[in-house]
$ cat target.txt   # compact mmCIF, C-alpha atoms
# COMPACT_ATOMS: atom_id res chain seq x y z
CA MET T 1 79.38 236.93 75.10
CA ASN T 2 75.99 236.01 76.42
CA PHE T 3 74.36 232.64 76.82
CA SER T 4 72.38 232.76 73.59
CA ARG T 5 75.56 233.34 71.60
CA SER T 6 77.69 230.91 73.55
CA ILE T 7 76.34 227.73 71.99
CA PRO T 8 75.63 227.00 68.34
CA PHE T 9 72.10 227.48 67.05
CA SER T 10 71.64 223.80 66.27
CA LEU T 11 72.37 222.90 69.88
CA ARG T 12 69.98 225.50 71.21
CA GLY T 13 67.40 224.03 68.90
CA ALA T 14 68.19 220.56 70.14
CA PHE T 15 67.83 221.71 73.72
CA ALA T 16 64.47 223.35 73.03
CA PHE T 17 63.11 220.40 71.07
CA SER T 18 64.31 218.05 73.77
CA ALA T 19 62.40 220.02 76.37
CA ILE T 20 59.27 220.07 74.23
CA LEU T 21 59.50 216.33 73.63
CA VAL T 22 59.86 215.47 77.29
CA VAL T 23 57.13 217.84 78.45
CA SER T 24 54.72 216.78 75.77
CA THR T 25 55.40 213.13 76.48
CA VAL T 26 54.55 213.53 80.12
CA ALA T 27 51.80 216.11 79.93
CA MET T 28 49.90 215.55 76.70
CA PRO T 29 47.09 213.07 77.31
CA ALA T 30 45.68 213.77 73.84
CA ALA T 31 48.81 212.34 72.30
CA GLN T 32 48.38 209.21 74.36
CA ALA T 33 44.76 208.93 73.40
CA ARG T 34 45.51 208.79 69.68
CA ASP T 35 47.43 205.55 69.91
CA ALA T 36 46.70 202.52 71.99
CA ARG T 37 47.61 202.64 75.63
CA ILE T 38 49.91 199.85 76.75
CA ILE T 39 50.89 201.06 80.19
CA ARG T 40 48.75 198.32 81.77
CA ASP T 41 50.13 195.57 79.51
CA TRP T 42 52.61 194.57 82.14
CA ARG T 43 52.79 190.97 80.97
CA THR T 44 54.30 192.04 77.64
CA PRO T 45 58.07 192.38 77.98
CA VAL T 46 59.99 194.83 75.82
CA ASN T 47 61.06 193.34 72.51
CA TYR T 48 64.63 194.63 72.34
CA GLN T 49 67.84 193.98 74.24
CA LEU T 50 69.93 197.00 73.36
CA GLU T 51 69.04 200.63 72.66
CA LEU T 52 71.70 202.51 70.72
CA GLU T 53 71.20 206.26 70.73
CA PRO T 54 73.46 208.75 68.95
CA HIS T 55 72.55 212.25 70.08
CA LEU T 56 73.41 215.92 70.39
CA VAL T 57 74.03 217.25 73.89
CA ALA T 58 73.75 220.71 75.42
CA GLY T 59 74.34 221.80 78.98
CA THR T 60 75.27 224.56 81.33
CA ASP T 61 77.30 224.83 84.53
CA PRO T 62 79.24 221.57 84.21
CA PRO T 63 80.68 219.75 87.22
CA GLY T 64 84.18 220.42 88.50
CA ALA T 65 86.30 223.42 87.68
CA GLY T 66 84.41 224.51 84.58
CA SER T 67 81.51 226.85 84.09
CA GLY T 68 79.44 228.33 81.29
CA SER T 69 77.39 226.67 78.59
CA GLY T 70 78.15 224.43 75.69
CA GLY T 71 77.23 221.52 73.53
CA GLY T 72 78.50 218.55 71.62
CA ALA T 73 77.60 215.03 70.60
CA GLY T 74 77.70 211.52 71.93
CA VAL T 75 76.16 208.10 72.02
CA ARG T 76 74.30 206.15 74.66
CA ALA T 77 73.92 202.36 74.87
CA SER T 78 71.23 201.00 77.18
CA PHE T 79 71.20 197.28 77.90
CA VAL T 80 67.90 195.81 79.07
CA LEU T 81 68.33 194.12 82.45
CA LEU T 82 64.70 193.59 83.51
CA PRO T 83 62.32 193.38 80.53
CA ASP T 84 59.35 193.15 82.93
CA GLY T 85 60.53 195.98 85.14
CA PHE T 86 60.03 196.43 88.86
CA LEU T 87 56.27 196.98 89.12
CA ARG T 88 53.34 194.62 88.82
CA ASN T 89 50.40 195.90 86.79
CA VAL T 90 52.58 198.49 85.05
CA ASN T 91 54.36 198.11 81.71
CA ASP T 92 57.84 199.10 82.77
CA SER T 93 61.36 197.86 82.09
CA VAL T 94 64.81 198.50 83.47
CA ALA T 95 68.08 198.92 81.60
CA ILE T 96 71.61 199.93 82.46
CA GLY T 97 72.93 202.72 80.31
CA THR T 98 76.40 203.92 79.50
CA GLY T 99 77.99 205.91 76.72
CA LEU T 100 80.32 208.67 75.75
CA ASP T 101 79.48 212.37 75.39
CA PHE T 102 81.83 215.13 74.26
CA GLY T 103 81.00 218.72 75.15
CA ARG T 104 82.81 222.01 74.54
CA TYR T 105 81.91 224.76 76.98
CA TYR T 106 82.18 228.50 76.61
CA GLY T 107 82.69 230.26 79.92
CA HIS T 108 82.81 233.84 78.63
CA GLY T 109 79.94 236.00 79.72
CA TRP T 110 78.14 233.62 82.02
CA TYR T 111 80.03 235.05 84.97
CA GLY T 112 81.19 238.23 83.25
CA ASP T 113 84.81 239.11 83.92
CA ARG T 114 84.92 237.29 87.22
CA ARG T 115 88.44 236.27 88.17
CA ASP T 116 89.43 232.67 88.47
CA GLU T 117 89.93 231.28 91.94
CA CYS T 118 92.01 228.50 93.41
CA LEU T 119 90.08 225.28 94.01
CA HIS T 120 92.81 223.27 95.67
CA PHE T 121 96.00 224.09 97.61
CA GLU T 122 98.77 221.68 98.51
CA PRO T 123 101.53 222.32 101.06
CA GLY T 124 104.79 223.20 99.36
CA PRO T 125 108.38 223.41 100.63
CA ASN T 126 109.32 225.99 103.26
CA GLY T 127 105.76 226.39 104.53
CA THR T 128 104.36 227.66 101.27
CA ASP T 129 100.96 226.81 99.84
CA VAL T 130 100.80 225.95 96.17
CA CYS T 131 97.59 226.19 94.19
CA THR T 132 97.20 223.13 91.97
CA GLU T 133 93.73 223.63 90.46
CA THR T 134 91.77 226.71 89.44
CA THR T 135 88.28 227.54 88.26
CA SER T 136 87.51 228.17 84.58
CA TYR T 137 85.11 231.07 84.64
CA SER T 138 85.97 232.17 81.14
CA GLY T 139 87.63 230.78 78.06
CA THR T 140 86.70 227.56 76.32
CA TYR T 141 87.39 224.05 77.43
CA ASN T 142 86.40 220.46 76.76
CA TYR T 143 84.54 217.82 78.70
CA VAL T 144 84.16 214.10 78.11
CA TYR T 145 81.38 212.40 80.05
CA VAL T 146 80.86 208.71 80.62
CA PRO T 147 77.41 208.27 82.15
CA ILE T 148 76.51 205.11 84.06
CA VAL T 149 72.82 205.14 84.84
CA MET T 150 69.86 202.94 85.60
CA GLN T 151 67.18 203.58 83.01
CA TRP T 152 63.66 202.95 84.29
CA ASN T 153 61.21 202.97 81.39
CA PHE T 154 57.44 203.35 81.39
CA TRP T 155 55.77 202.29 78.14
CA LEU T 156 52.72 204.56 78.02
CA THR T 157 51.33 203.97 74.54
CA GLU T 158 52.48 202.23 71.39
CA ARG T 159 54.32 205.39 70.36
CA TRP T 160 55.19 207.18 73.58
CA SER T 161 57.38 206.16 76.50
CA VAL T 162 59.11 208.01 79.33
CA PHE T 163 62.04 207.15 81.53
CA ALA T 164 64.03 208.27 84.56
CA GLU T 165 67.78 207.81 84.76
CA PRO T 166 69.59 208.18 88.11
CA GLY T 167 73.28 207.36 88.23
CA ILE T 168 76.73 208.85 88.01
CA ASN T 169 78.83 210.58 85.41
CA LEU T 170 82.54 209.97 85.08
CA TYR T 171 84.03 213.04 83.50
CA PHE T 172 87.36 214.27 82.21
CA SER T 173 87.82 218.01 82.10
CA SER T 174 91.51 218.62 82.66
CA HIS T 175 94.91 217.04 82.84
CA HIS T 176 94.48 216.50 86.56
CA ALA T 177 92.35 213.40 86.93
CA LEU T 178 89.16 211.54 86.29
CA ASP T 179 86.31 212.77 88.48
CA VAL T 180 82.74 211.75 89.27
CA SER T 181 79.50 213.69 89.55
CA PRO T 182 75.91 212.63 90.16
CA ALA T 183 73.67 212.24 87.14
CA LEU T 184 69.90 212.51 86.96
CA TYR T 185 67.80 212.60 83.82
CA ALA T 186 64.16 212.43 82.78
CA GLY T 187 63.36 211.67 79.19
CA GLY T 188 60.87 210.55 76.62
CA ARG T 189 60.67 208.70 73.32
CA LEU T 190 58.44 209.11 70.32
CA GLN T 191 58.50 206.02 68.15
CA ILE T 192 58.63 207.05 64.50
CA SER T 193 58.90 203.58 62.95
CA ARG T 194 59.41 200.01 64.04
CA GLY T 195 62.50 199.94 66.28
CA ILE T 196 63.34 203.61 65.79
CA ALA T 197 62.42 206.50 68.09
CA VAL T 198 63.27 210.13 68.68
CA THR T 199 64.59 210.43 72.21
CA GLY T 200 64.92 213.56 74.34
CA ARG T 201 66.50 213.81 77.75
CA LEU T 202 66.53 216.63 80.33
CA GLY T 203 68.81 216.60 83.32
CA TYR T 204 72.25 217.14 84.75
CA PRO T 205 74.95 217.58 83.59
CA ALA T 206 73.67 217.83 80.00
CA CYS T 207 70.47 217.49 78.00
CA SER T 208 70.30 215.51 74.79
CA LEU T 209 68.25 214.90 71.69
CA GLY T 210 68.85 211.89 69.49
CA VAL T 211 67.54 208.88 67.64
CA SER T 212 67.18 205.50 69.33
CA PHE T 213 67.65 202.22 67.52
CA MET T 214 66.12 199.29 69.39
CA LEU T 215 68.17 196.18 68.62
CA MET S 1 61.92 186.85 79.89
CA GLN S 2 64.62 187.62 77.37
CA ARG S 3 68.29 186.97 78.04
CA THR S 4 70.00 190.18 79.11
CA PRO S 5 73.25 191.06 77.32
CA LEU S 6 75.36 191.83 80.39
CA ARG S 7 78.31 190.13 78.79
CA LEU S 8 78.17 192.85 76.14
CA ALA S 9 77.56 195.69 78.57
CA LEU S 10 80.62 195.32 80.75
CA PRO S 11 83.23 195.22 77.96
CA LEU S 12 81.51 198.19 76.30
CA LEU S 13 81.64 200.14 79.55
CA ALA S 14 85.35 199.41 79.92
CA LEU S 15 85.90 200.47 76.32
CA VAL S 16 84.19 203.85 76.69
CA VAL S 17 86.07 204.59 79.92
CA LEU S 18 89.38 203.85 78.22
CA ALA S 19 88.41 205.89 75.18
CA ALA S 20 87.42 208.84 77.32
CA ALA S 21 90.56 208.64 79.41
CA SER S 22 92.75 208.90 76.35
CA SER S 23 90.77 211.47 74.40
CA CYS S 24 90.89 214.66 76.41
CA HIS S 25 93.73 216.96 77.35
CA SER S 26 92.83 220.39 78.56
CA GLY S 27 93.49 222.38 81.68
CA THR S 28 91.66 224.23 84.35
CA GLY S 29 91.58 227.99 84.08
CA SER S 30 90.75 230.46 81.39
CA CYS S 31 93.95 231.58 79.72
CA PRO S 32 94.21 230.37 76.10
CA SER S 33 97.40 228.68 75.01
CA GLY S 34 99.95 231.04 73.46
CA ARG S 35 98.56 234.12 75.14
CA THR S 36 99.82 236.29 78.01
CA CYS S 37 97.16 236.64 80.69
CA GLU S 38 97.64 239.34 83.28
CA CYS S 39 96.04 239.78 86.65
CA SER S 40 96.71 242.79 88.88
CA ASP S 41 95.25 245.15 91.47
CA GLY S 42 93.01 243.24 93.80
CA THR S 43 93.06 240.63 96.50
CA ASP S 44 93.20 237.15 94.96
CA CYS S 45 93.77 235.87 91.47
CA TYR S 46 94.70 232.34 90.43
CA GLN S 47 95.02 231.81 86.72
CA GLY S 48 95.05 228.56 84.81
CA CYS S 49 95.78 227.49 81.27
CA ALA S 50 92.53 226.44 79.60
CA ASP S 51 94.26 224.42 76.90
CA GLY S 52 96.68 222.84 79.36
CA ASP S 53 100.02 223.90 77.89
CA GLY S 54 101.79 226.94 76.53
CA CYS S 55 100.35 229.82 78.55
CA ASP S 56 102.13 232.91 79.82
CA LEU S 57 100.65 233.85 83.18
CA TYR S 58 101.48 237.17 84.82
CA CYS S 59 100.26 238.62 88.11
CA HIS S 60 101.39 241.53 90.20
CA ASN S 61 100.39 244.05 92.87
CA MET S 62 97.98 241.76 94.68
CA VAL S 63 97.70 239.96 98.00
CA HIS S 64 97.56 236.35 96.77
CA CYS S 65 98.07 235.14 93.26
CA GLY S 66 99.27 232.15 91.36
CA GLY S 67 99.22 230.13 88.19
CA VAL S 68 98.50 226.54 87.18
CA CYS S 69 99.80 225.36 83.86
CA GLY S 70 100.95 222.27 81.97
CA ASN S 71 104.12 222.21 79.91
CA ASP S 72 106.04 225.02 78.21
CA CYS S 73 104.57 227.81 80.31
CA GLY S 74 105.81 231.08 81.70
CA LEU S 75 104.72 232.41 85.10
CA THR S 76 105.76 235.79 86.44
CA CYS S 77 104.76 237.16 89.82
CA HIS S 78 105.87 240.24 91.71
CA ASP S 79 104.79 242.71 94.36
CA VAL S 80 102.36 240.35 96.05
CA ASN S 81 102.24 238.73 99.48
CA ASP S 82 101.99 235.08 98.43
CA CYS S 83 102.66 233.74 94.99
CA SER S 84 102.25 230.11 93.95
CA ALA S 85 103.04 228.29 90.72
CA ASP S 86 102.21 224.76 89.60
CA CYS S 87 103.75 223.90 86.28
CA GLY S 88 104.70 220.89 84.17
CA ALA S 89 107.88 220.50 82.14
CA ASN S 90 109.94 223.21 80.44
CA CYS S 91 108.54 226.13 82.44
CA ASN S 92 110.07 229.51 83.24
CA ILE S 93 108.96 230.93 86.58
CA ASP S 94 110.00 234.29 87.96
CA CYS S 95 108.93 235.38 91.43
CA HIS S 96 110.32 238.55 92.96
CA ASN S 97 109.55 241.22 95.54
CA THR S 98 107.07 239.10 97.45
CA VAL S 99 106.70 237.74 100.95
CA SER S 100 106.55 234.09 99.84
CA CYS S 101 107.02 232.14 96.65
CA GLY S 102 105.97 228.48 96.44
CA ALA S 103 106.13 226.26 93.41
CA PHE S 104 105.82 222.76 92.02
CA CYS S 105 107.67 222.59 88.76
CA GLY S 106 108.42 219.66 86.48
CA SER S 107 111.55 218.75 84.57
CA ASN S 108 113.78 221.34 82.88
CA CYS S 109 112.33 224.13 84.98
CA ASN S 110 113.94 227.54 85.27
CA TYR S 111 112.90 229.06 88.55
CA SER S 112 114.03 232.44 89.83
CA CYS S 113 113.24 233.74 93.31
CA ARG S 114 114.57 237.23 94.06
CA ASP S 115 114.06 239.69 96.92
CA VAL S 116 111.69 237.36 98.75
CA ASP S 117 111.29 236.54 102.41
CA ARG S 118 110.44 232.82 101.99
CA CYS S 119 110.94 230.71 98.93
CA GLY S 120 110.05 227.00 98.58
CA VAL S 121 110.18 225.08 95.33
CA ARG S 122 110.05 221.46 94.23
CA VAL S 123 111.56 220.88 90.81
CA GLY S 124 112.07 217.97 88.45
CA ARG S 125 115.27 216.74 86.80
CA GLY S 126 117.32 219.08 84.67
CA SER S 127 116.08 222.20 86.47
CA ASN S 128 117.86 225.41 87.38
CA VAL S 129 116.86 227.36 90.48
CA VAL S 130 118.10 230.77 91.58
CA CYS S 131 117.53 232.15 95.06
CA ASP S 132 118.84 235.70 95.25
CA HIS S 133 118.39 237.92 98.28
CA VAL S 134 115.99 235.48 99.91
CA THR S 135 115.68 235.15 103.69
CA THR S 136 115.02 231.40 103.62
CA CYS S 137 115.11 229.27 100.51
CA VAL S 138 114.21 225.57 100.35
CA VAL S 139 114.69 223.64 97.12
CA ASP S 140 113.57 220.03 96.74
CA CYS S 141 115.16 218.52 93.66
CA MET S 142 113.44 215.37 92.38
CA GLY S 143 116.35 214.59 90.05
CA SER S 144 119.49 216.27 88.82
CA CYS S 145 119.37 220.05 89.26
CA ARG S 146 121.48 223.14 89.81
CA VAL S 147 120.76 225.72 92.49
CA THR S 148 122.32 229.16 92.80
CA CYS S 149 122.02 230.73 96.24
CA SER S 150 123.29 234.28 96.63
CA ALA S 151 122.67 236.53 99.61
CA THR S 152 120.44 233.78 100.94
CA ASN S 153 120.89 232.13 104.32
CA PRO S 154 119.79 229.49 104.93
CA CYS S 155 119.54 227.92 101.50
CA THR S 156 118.46 224.32 101.96
CA ILE S 157 118.75 221.90 99.07
CA THR S 158 117.54 218.31 99.15
CA CYS S 159 118.53 215.77 96.54
CA PRO S 160 117.00 212.37 95.81
CA ASP S 161 120.37 210.64 96.42
CA GLY S 162 122.39 212.15 99.22
CA ALA S 163 123.61 215.68 99.82
CA PRO S 164 124.10 218.32 97.13
CA ILE S 165 127.58 218.97 95.86
CA GLN S 166 129.11 222.45 95.72
CA CYS S 167 130.12 223.47 92.21
CA GLY S 168 131.07 227.10 92.85
CA SER S 169 130.93 229.78 95.50
CA ASN S 170 127.16 230.12 95.16
CA LEU S 171 126.32 227.10 93.03
CA TRP S 172 125.19 223.67 94.21
CA ALA S 173 123.95 220.69 92.28
CA CYS S 174 122.14 217.42 92.69
CA GLY S 175 123.93 214.92 90.51
CA SER S 176 126.98 216.19 88.67
CA CYS S 177 128.13 219.80 88.33
$ encode --input "target.txt" --output "structure tokens"
Amino acid sequence: MNFSRSIPFSLRGAFAFSAILVVSTVAMPAAQARDARIIRDWRTPVNYQLELEPHLVAGTDPPGAGSGSGGGAGVRASFVLLPDGFLRNVNDSVAIGTGLDFGRYYGHGWYGDRRDECLHFEPGPNGTDVCTETTSYSGTYNYVYVPIVMQWNFWLTERWSVFAEPGINLYFSSHHALDVSPALYAGGRLQISRGIAVTGRLGYPACSLGVSFML
Amino acid sequence: MQRTPLRLALPLLALVVLAAASSCHSGTGSCPSGRTCECSDGTDCYQGCADGDGCDLYCHNMVHCGGVCGNDCGLTCHDVNDCSADCGANCNIDCHNTVSCGAFCGSNCNYSCRDVDRCGVRVGRGSNVVCDHVTTCVVDCMGSCRVTCSATNPCTITCPDGAPIQCGSNLWACGSC
């Protein structure tokens, strides 16, 4: 099985559209020129307290024992902490985001028929070594992510905004334990009506495309 | 400046962590539940049960190999140097014709170690262990268990409460016979 067959078409589409949205948000000055620029309106705080964002997710090479590519769905809640942001003279804001994402990964094909390896040994009785965790180079398996990130928003125009999200991801991928990985995202929003936006996010461990409701 | 809803954020964060903690049960490795997965001819191979439980892992004719599985699994290993097994409850593990066999096994484990130089196993309550033609065998019982040692010297058994009791010429037990 190759990568293009390892995730459903809708998720590949979501991934592609997410990439287009983020790139166009950052790089398309014409889009910014069509609606009023507000990036210098730093005295105007954001007019919402909570952003609720159901979304589709897609990713590859997850943290921990797993590998391969996959997709799923989830929701993100971002609570505004600093409506005026960090910077003077710039229309920014800061929120703390958390949520829940479920992803199913398909390891077949990404590493071919590579054999699994032991990730962790523990000393056993009589001087033996016992392997207690292995890789998952093939097969299918599930991940649950709980991201905890700082969302730093830049409100470029009345319709377009971008954000960066550094933080951590708690994840559950096996019966062994909860684990933690770093998280880093860059994203963008296109406001389609009052209080509603299409939101795309690129980064690790998974990309997403969803709809934001500003409450 | 608007009031920030931190009092909402923290309970929501706790809720999603709890929901995530209770929603996922899968294992490391690539073997699907209910299938026999075989690994042979090479240097190293460590298999795991992708769905957590119910795998049948088999490896032979290698240098190092092993299996990691949840409950209700079977692990068979022979003609290797070092074989390891980590299994939950209700597992059947067979290790023979190797240099060493090491295992962590949960409750109601059936573990067989035959024609091995060094065997070391930690088992849960209700387990049965056989060491047959083993140079040194060490069995750590975490609860009641029965251990058969034949043509094995020394055969060291540790029980959670005191010394093992002899139930027959080759049979010892932790707890009652």
$ closest_atom_pairs --input "target.txt" --of "stretch 109-202 of chain T" --to "stretch 102-117 of chain S" --cutoff "12 Å" --atoms "only C-alpha atoms" --output "CSV"
residue,atom,partner,partner_atom,distance
T:Phe121,CA,S:Gly102,CA,11.0
T:Glu122,CA,S:Phe104,CA,9.6
T:Pro123,CA,S:Gly102,CA,8.9
T:Gly124,CA,S:Gly102,CA,6.1
T:Pro125,CA,S:Gly102,CA,7.0
T:Asn126,CA,S:Gly102,CA,8.0
T:Gly127,CA,S:Gly102,CA,8.4
T:Thr128,CA,S:Gly102,CA,5.2
T:Asp129,CA,S:Gly102,CA,6.3
T:Val130,CA,S:Gly102,CA,5.8
T:Cys131,CA,S:Ala103,CA,8.6
T:Thr132,CA,S:Phe104,CA,8.6
$ write_last_selection --input "target.txt" --atoms "C-alpha atoms" --output "compact mmCIF listing (two decimals), in the frame of the given file"
# COMPACT_ATOMS: atom_id res chain seq x y z
CA PHE T 121 96.00 224.09 97.61
CA GLU T 122 98.77 221.68 98.51
CA PRO T 123 101.53 222.32 101.06
CA GLY T 124 104.79 223.20 99.36
CA PRO T 125 108.38 223.41 100.63
CA ASN T 126 109.32 225.99 103.26
CA GLY T 127 105.76 226.39 104.53
CA THR T 128 104.36 227.66 101.27
CA ASP T 129 100.96 226.81 99.84
CA VAL T 130 100.80 225.95 96.17
CA CYS T 131 97.59 226.19 94.19
CA THR T 132 97.20 223.13 91.97
$ atom_distance --input "target.txt" --atom1 "atom CA of T:Gln49" --atom2 "atom CA of T:Ile96"
10.8 Å
$ axis_aligned_box --input "target.txt" --around "stretch 33-39 of chain S" --padding-each-side "6 Å" --output "JSON"
{"center_x": 98.0, "center_y": 234.2, "center_z": 80.1, "size_x": 15.9, "size_y": 23.1, "size_z": 25.2}
$ atom_distance --input "target.txt" --atom1 "atom CA of T:Asp35" --atom2 "atom CA of T:Leu81"
26.9 Å
$ atom_distance --input "target.txt" --atom1 "atom CA of T:Val90" --atom2 "atom CA of T:Trp152"
12.0 Å
$ residues_around --input "target.txt" --residues "T:His55" --least-positions-apart "5" --cutoff "10 Å" --atoms "all atoms listed in the file" --output "list in words"
Ala14, Gly72, Ala73, Gly74, Val75, Arg76, Asp101, Val198, Thr199, Gly200, Arg201, Cys207, Ser208, Leu209, Gly210, Val211 and Ser212 of chain T
$ residues_around --input "target.txt" --residues "S:Asn128" --least-positions-apart "5" --cutoff "12 Å" --atoms "all atoms listed in the file" --output "number ranges by chain"
S: 90-94, 105-113, 121-123, 139-141, 143-149, 171-174, 177
$ closest_residue --input "target.txt" --among "T:Arg88, T:Arg37, T:His120, T:Arg194" --to "chain S" --atoms "all atoms listed in the file"
T:His120
$ residues_around --input "target.txt" --residues "stretch 42-47 of chain S" --least-positions-apart "4" --cutoff "9 Å" --atoms "all atoms listed in the file" --output "PyMOL selection string"
(chain T and resi 115-118+131+133-136) or (chain S and resi 28-31+37-38+57-59+61-69+84)
$ closest_residue --input "target.txt" --among "S:Cys155, S:Ala50, S:Cys167, S:Gly120" --to "S:Pro32" --atoms "all atoms listed in the file"
S:Ala50
$ closest_residue --input "target.txt" --among "T:Tyr145, T:Phe79, T:Tyr137, T:Phe154" --to "T:Ser93" --atoms "only C-alpha atoms"
T:Phe154
$ residues_around --input "target.txt" --residues "T:Gly64" --least-positions-apart "5" --cutoff "9 Å" --atoms "all atoms listed in the file" --output "list of chain:residue names"
T:Thr135, T:Tyr171, T:Ser173, T:Asp179, T:Val180, T:Ser181
$ closest_residue --input "target.txt" --among "T:Tyr106, T:Phe163, T:Trp155, T:Phe172" --to "chain S" --atoms "all atoms listed in the file"
T:Phe172
$ residues_around --input "target.txt" --residues "T:Ala183" --least-positions-apart "6" --cutoff "8 Å" --atoms "all atoms listed in the file" --output "number ranges by chain"
T: 147, 149, 165-169, 203-205
$ closest_residue --input "target.txt" --among "T:Gly99, T:Pro63, T:Gly85, T:Gly195" --to "chain S" --atoms "all atoms listed in the file"
T:Gly99
$ residues_near_point --input "target.txt" --point "(114.1, 212.3, 96.7)" --cutoff "6 Å" --atoms "all atoms listed in the file" --output "mmCIF file with C-alpha atoms, in the frame of the given file"
data_model
loop_
_atom_site.group_PDB
_atom_site.id
_atom_site.type_symbol
_atom_site.label_atom_id
_atom_site.label_comp_id
_atom_site.auth_asym_id
_atom_site.auth_seq_id
_atom_site.Cartn_x
_atom_site.Cartn_y
_atom_site.Cartn_z
ATOM 1 C CA MET S 142 113.440 215.370 92.380
ATOM 2 C CA CYS S 159 118.530 215.770 96.540
ATOM 3 C CA PRO S 160 117.000 212.370 95.810
#
$ closest_residue --input "target.txt" --among "T:Leu215, T:Asp61, T:Arg40, T:Ala206" --to "chain S" --atoms "only C-alpha atoms"
T:Leu215
$ decode --input "target.txt" --residues "stretch 165-189 of chain T" --atoms "C-alpha atoms" --output "mmCIF file, in the first residue's frame"
data_model
loop_
_atom_site.group_PDB
_atom_site.id
_atom_site.type_symbol
_atom_site.label_atom_id
_atom_site.label_comp_id
_atom_site.auth_asym_id
_atom_site.auth_seq_id
_atom_site.Cartn_x
_atom_site.Cartn_y
_atom_site.Cartn_z
ATOM 1 C CA GLU T 165 0.751 27.608 17.697
ATOM 2 C CA PRO T 166 3.705 26.261 19.706
ATOM 3 C CA GLY T 167 2.988 23.835 22.512
ATOM 4 C CA ILE T 168 2.767 20.184 23.393
ATOM 5 C CA ASN T 169 0.626 17.230 22.440
ATOM 6 C CA LEU T 170 -0.449 14.622 24.950
ATOM 7 C CA TYR T 171 -1.087 11.441 23.031
ATOM 8 C CA PHE T 172 -2.369 7.947 23.641
ATOM 9 C CA SER T 173 -1.251 5.321 21.167
ATOM 10 C CA SER T 174 -1.080 2.079 23.105
ATOM 11 C CA HIS T 175 -1.976 0.344 26.312
ATOM 12 C CA HIS T 176 1.355 1.354 27.799
ATOM 13 C CA ALA T 177 0.960 4.949 28.918
ATOM 14 C CA LEU T 178 0.215 8.541 28.150
ATOM 15 C CA ASP T 179 3.097 10.258 26.381
ATOM 16 C CA VAL T 180 4.020 13.779 25.290
ATOM 17 C CA SER T 181 5.436 15.211 22.091
ATOM 18 C CA PRO T 182 6.182 18.757 20.954
ATOM 19 C CA ALA T 183 3.580 20.488 18.831
ATOM 20 C CA LEU T 184 4.074 23.300 16.343
ATOM 21 C CA TYR T 185 1.514 24.628 13.904
ATOM 22 C CA ALA T 186 1.044 27.522 11.509
ATOM 23 C CA GLY T 187 -2.431 28.279 10.283
ATOM 24 C CA GLY T 188 -4.820 30.690 8.692
ATOM 25 C CA ARG T 189 -8.482 31.657 8.719
#
